[in-house]
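Engineer: I'd like to ask some things about the structure below.
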Amino acid sequence: STMAESTNMRLRLPLLCIILEVILIILFGTLVEYNDDTHAKLWNENRTDSDTRNDHENEFYYRYPSFQDVHVMIFVGFGFLMTFLQRYGFSSVGFNFLIAAFSLQWATLMQGFFHGLHHGKIHVGVTSMINADFCTGSVLISFGAVLGKTSPVQLLVMAIFEVTLFAVNEFILLSILGVNDAGGSMTIHTFGAYFGLVVTRVLYRPNLDKSKHRNSSVYHSDLFAMIGTIYLWMFWPSFNSAITNYGDPQHRTAMNTYYSLAACTLATFAFSALVNPEGKLDMVHIQNAALAGGVAVGTAGEMMLTAFGSMIVGFLAGTISVLGYKYLTPVLESKLKIQDTCGIHNLHGMPGVLGAVVGAVTAALASPDVYGHGLQRVFADVETGKWNPQSRGGFQAISLAVTLGMALFGGLITGFILKLPIYGAPPDTHCFEDGLYWEVPGEEEGHQELYEVATPNEVEKLSS
Amino acid sequence: STMAESTNMRLRLPLLCIILEVILIILFGTLVEYNDDTHAKLWNENRTDSDTRNDHENEFYYRYPSFQDVHVMIFVGFGFLMTFLQRYGFSSVGFNFLIAAFSLQWATLMQGFFHGLHHGKIHVGVTSMINADFCTGSVLISFGAVLGKTSPVQLLVMAIFEVTLFAVNEFILLSILGVNDAGGSMTIHTFGAYFGLVVTRVLYRPNLDKSKHRNSSVYHSDLFAMIGTIYLWMFWPSFNSAITNYGDPQHRTAMNTYYSLAACTLATFAFSALVNPEGKLDMVHIQNAALAGGVAVGTAGEMMLTAFGSMIVGFLAGTISVLGYKYLTPVLESKLKIQDTCGIHNLHGMPGVLGAVVGAVTAALASPDVYGHGLQRVFADVETGKWNPQSRGGFQAISLAVTLGMALFGGLITGFILKLPIYGAPPDTHCFEDGLYWEVPGEEEGHQELYEVATPNEVEKLSS
Amino acid sequence: STMAESTNMRLRLPLLCIILEVILIILFGTLVEYNDDTHAKLWNENRTDSDTRNDHENEFYYRYPSFQDVHVMIFVGFGFLMTFLQRYGFSSVGFNFLIAAFSLQWATLMQGFFHGLHHGKIHVGVTSMINADFCTGSVLISFGAVLGKTSPVQLLVMAIFEVTLFAVNEFILLSILGVNDAGGSMTIHTFGAYFGLVVTRVLYRPNLDKSKHRNSSVYHSDLFAMIGTIYLWMFWPSFNSAITNYGDPQHRTAMNTYYSLAACTLATFAFSALVNPEGKLDMVHIQNAALAGGVAVGTAGEMMLTAFGSMIVGFLAGTISVLGYKYLTPVLESKLKIQDTCGIHNLHGMPGVLGAVVGAVTAALASPDVYGHGLQRVFADVETGKWNPQSRGGFQAISLAVTLGMALFGGLITGFILKLPIYGAPPDTHCFEDGLYWEVPGEEEGHQELYEVATPNEVEKLSS
């Protein structure tokens, strides 16, 4: 059939994957080198010279456990969170896997290029691995908006552009404006959310209701999605603290995030029951809004926000996230034509903006009285003597505007590129359906028998 | 309908959640401060003064990986272990999530209050996070006894009281009696189990068999439960070692637990097959009894128990646990009117008592010959010069009695409070049913069609 | 019935489990001691004497996070990867659990014996725990070949022999030949794969197609299997780096593995779509072939392979693995009578051999120019002055031959032992069926009703 041909991936997907991987391999071969902590010669030379450096000072021992937690969030967290759709579990986990595996390689190059070359080379180690996973997270957030409506080829093309623009935006924020955003409220969540929302706006499908019956969950798919939710929730303290400075900042960030998420969870349950006529809880809220507390302390988490401040922020984030799912998402779809499959605006968009604002305020309130000698370990420009808390807060706020601008602009361009009819996108009648891109097995033995003997037609015949 | 109204959570749950969270936020704002390792000023001041303290000495690097493993046990381990029921997966994972998020905040305050204030303030860091998760674990154990028969409001009220009494009991044991219980055989498992058993006794439902058809597993729900089991099993070494002293005690505790669990697993498979007429294995045993080995070395694990001793204890724990499920649980229900949904008496109750006894014996056998200079790193009172192994063993045994008393007394009071008809508890006909408190999605597309065409009534009509 | 009797586990399984565990306990009691880092006396004695050893130098802090990641791979990774079969999930996770719990104890003894006794005693700590888990991994690989066709008693007997021969082979490679194989391309993957393939060859069942209808996946079982896949994929960097030297080797190995797996994943998606007539992706490939990149850098990962080299190896591994599933597995079954349920030849066999070859070449190319003082931290014989890269490469190649020989010989012997008709193996008609060894719950309430009213027979009656 025409439909089958138009979505056939037999040549498109292999060609794109192989070409991309070959390019990546060539670029890695010419540009990438081990850094001081991963290079056999460099690590041991330095050690011999000074006699003060011991193996436990290798950044591996400070960052690798956090890296693995982040890695779990990227592959299990995001992957399974999106399995809530009844017939899109293979694609949710599988395409998440594919675009993450690509993005982390591409991000290593893009971030390495912008973060500063060493004699023309990109140096890699556990910190670059965490940063690459972070950038990948941003792409996966955008994936949530277009979930079920895009082919794997489209997703890879989106990743190419989004990773690149992510690196540019991150460079502007961290290197030019010199702001703080260790957990990525701006660079990861705000950027990924608004980028994805614009892409899905450009790809608007007026006839998407033809696939409406598949755009919902079933009992077990909601349980699979909870695996994703819980892993994201548990490891978010590691996410926000993974690349902060060693010692108190890393420790404090993890703890602030822990309290923010706990308060957020109570707000989520409260408002989920409150907005339902029968007081019943909605799995969509629990799966998503309970995580907003992690997003919202992504910038301020490393600062002296206190457990008290973190809990207030988390509570607010959970509240606006549930209200967003209930009241805003339907409006975005009907009025603004933004079809946001996973509701990323509620989980990453608004909480990300909240996080940026909280970060700006907390930075503006910072003082040597509170931070002592620890001030320069949180705010990089203290050491340069140019530090001024008010201007710090200002730069943080400017960064939010820059991020929104980059996301909207980038999403627009990327959306139009993805609109070209060459990527095998699913027809409106076959969205949210694994069978288009996957060999899907039959039902269980017992069920199959039932199927064979009791299809609607047959029963109709029987009854006539 | 009256039933729907009586269990409606629309006002009760939001009100309780919001009031509790607001109280928590106020108390955190007035009472909680960063400790030396999380405070920007304090951590860096100390460091500058002495020049001997480096970032790698921050407790974060000694304890955070263990914390994350414990965190996984609390949210994934306990949460998914209870998804074995066919129609209670949302509530198992979801209510586990809710009461854990509340309990860890409340526990931080209660434990901080009893463990010692610093100039009227509670100091927090990764160790308090682990302790809060531990206390939460105790509440989740009790949850297992009342699973399927309580509303989320009841569970939150139970958590308020249980966390408080947990902190009192822990204070008596660790601070007044000065005993060892790093993995919580007494404080967590024995306390949580007998507290929950008394609560479920007070809430006895003579007509619970009206929900009998839902009080069992289905194929996939048993697989979801195995996710919980396996995570608890794997990370139990981290649980028992999370707050021991640095160095050899932490290392030794993890290893003793590892061997105890391995031996326990073989005992579980052996006795599960042995007690079945056809020699078939029972998922209930594998899901639960295989974990008893972790419970049973919760006190002695940090001592010089040896791998040999750990394996004997683990083997015994697995054995009594399987036998408990097979022979004791039915008697507890029929004779003592204790309806223990998850069989927590077999997984946490008896193995917890065994762990307390093993701990008392192992402490009584401790000597400087075996422990050398390490003695004072395991037994706190060695440094004070008051150490005497026999009295140590005696105090350990007294602690078990205190714990049982506190659990029985606390469970009794709490049970009667939970009996008040104001919490929206499920009726006997609708226990073990997610639909009461959750928006539950329909079945899969294909199945639904079957449903529509082949309900029992319709087929009856067809055949007539 | 005769069938039921012949597969009844009531005496066989308990007897074997209890006897094995009692023997293990006795041997541990007589042979096993805490090592310097887990012993209260030894750890603190050494510390006092020199005043230079601090708790953070305890091997626990260097290796325990890696150990836990490996542990997750063994119990969740392998266990859930094999749940893809529609009616064998209990056995996949459950027997994986049983034989792993046994093997890690038995491996501790066998490896301890061969790796060198200390005054007649085996010393244990976190490194021995990792090594025991590694050896267990090898047994679980072989389990994949015979999955669904063996009783738990057969599996335990297989584990007894395989662990023993694994330890002998590992001793020859690491201690006699002195080769590198930190991630076990040879010792774990090649050995486990070819051992298992020979066992399943000896146990060939000409009439296995009688169970053909159960030897396939269903929708949700494929999602459960993806839990296994993703955990294996994420934690493979920890697996390959878990027992390398501290510092740069551990850091470098993790990173090389990360890049190899990313490239492997793109190759897997590319070739999975390419070999399908409709360009549809096959879950079997994604679940398995995407992991081959971890296997293939198991030997060379700790060397200066570079990200570039790792990505080439990963890409090749993914490619040969998908092609193996598509074209080689059917031939192995039809021509060589090797019934390989999980396709371990494609995931562990060929990529393991590739990894051995890559390791030999990379070792032969090593030089002080590239490694500097780090050379002796990767290649043990540098310190002894006998180091010669070409002979190093030669020894690596010889090790592959030794491993293949040991695996084929050991698998042959073990296969014939497992062929004895005393273990309760399933009949050809009941392979891949949990119901033989497990109490299997009914279907969900709703489904059951359907079952009751609409079995094929009944509908036939209705229609006639």
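Identifiers in the structure tokens: chain A, B, ... in order shown; residue index from 1 per chain; ligand index from 1 in order shown.
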Can you pull out every residue within 12 Å of Val297 of chain C, counting only C-alpha atoms, but drop anything in the same chain fewer than 4 positions away, and send it as a PyMOL selection string?
Structural biologist: chain C and resi 180-186+189+236-237+239-241+252-261+264+291-293+301-307+309-317+348+351-360+362
Engineer: What residues in chain B lie within 6 Å of chain A, counting only C-alpha atoms, written as a list in words?
Structural biologist: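 In the required form, that comes to Asn8, Met9, Arg10, Pro14, Cys17, Ile25, Phe28, Gly29, Asp37, Thr38, Ala40, Lys41, Asn44, Asp55, Asn58, Phe60, Ala101, Tyr437, Trp438, Glu439, Pro441, Gly442, Glu443, Glu444 and Leu462 of chain B.
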Engineer: Have a look at atom CA of Ala364 of chain A and atom CA of Gln396 of chain A and let me know their distance in Å, one decimal.
Structural biologist: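 Between atom CA of Ala364 of chain A and atom CA of Gln396 of chain A the gap is 9.0 Å.
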Engineer: For Leu404 of chain A, which residue among A:Tyr34, A:Phe416, A:Tyr204, A:Phe191 is the nearest when counting only C-alpha atoms?
Structural biologist: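 Closest candidate: A:Phe191.
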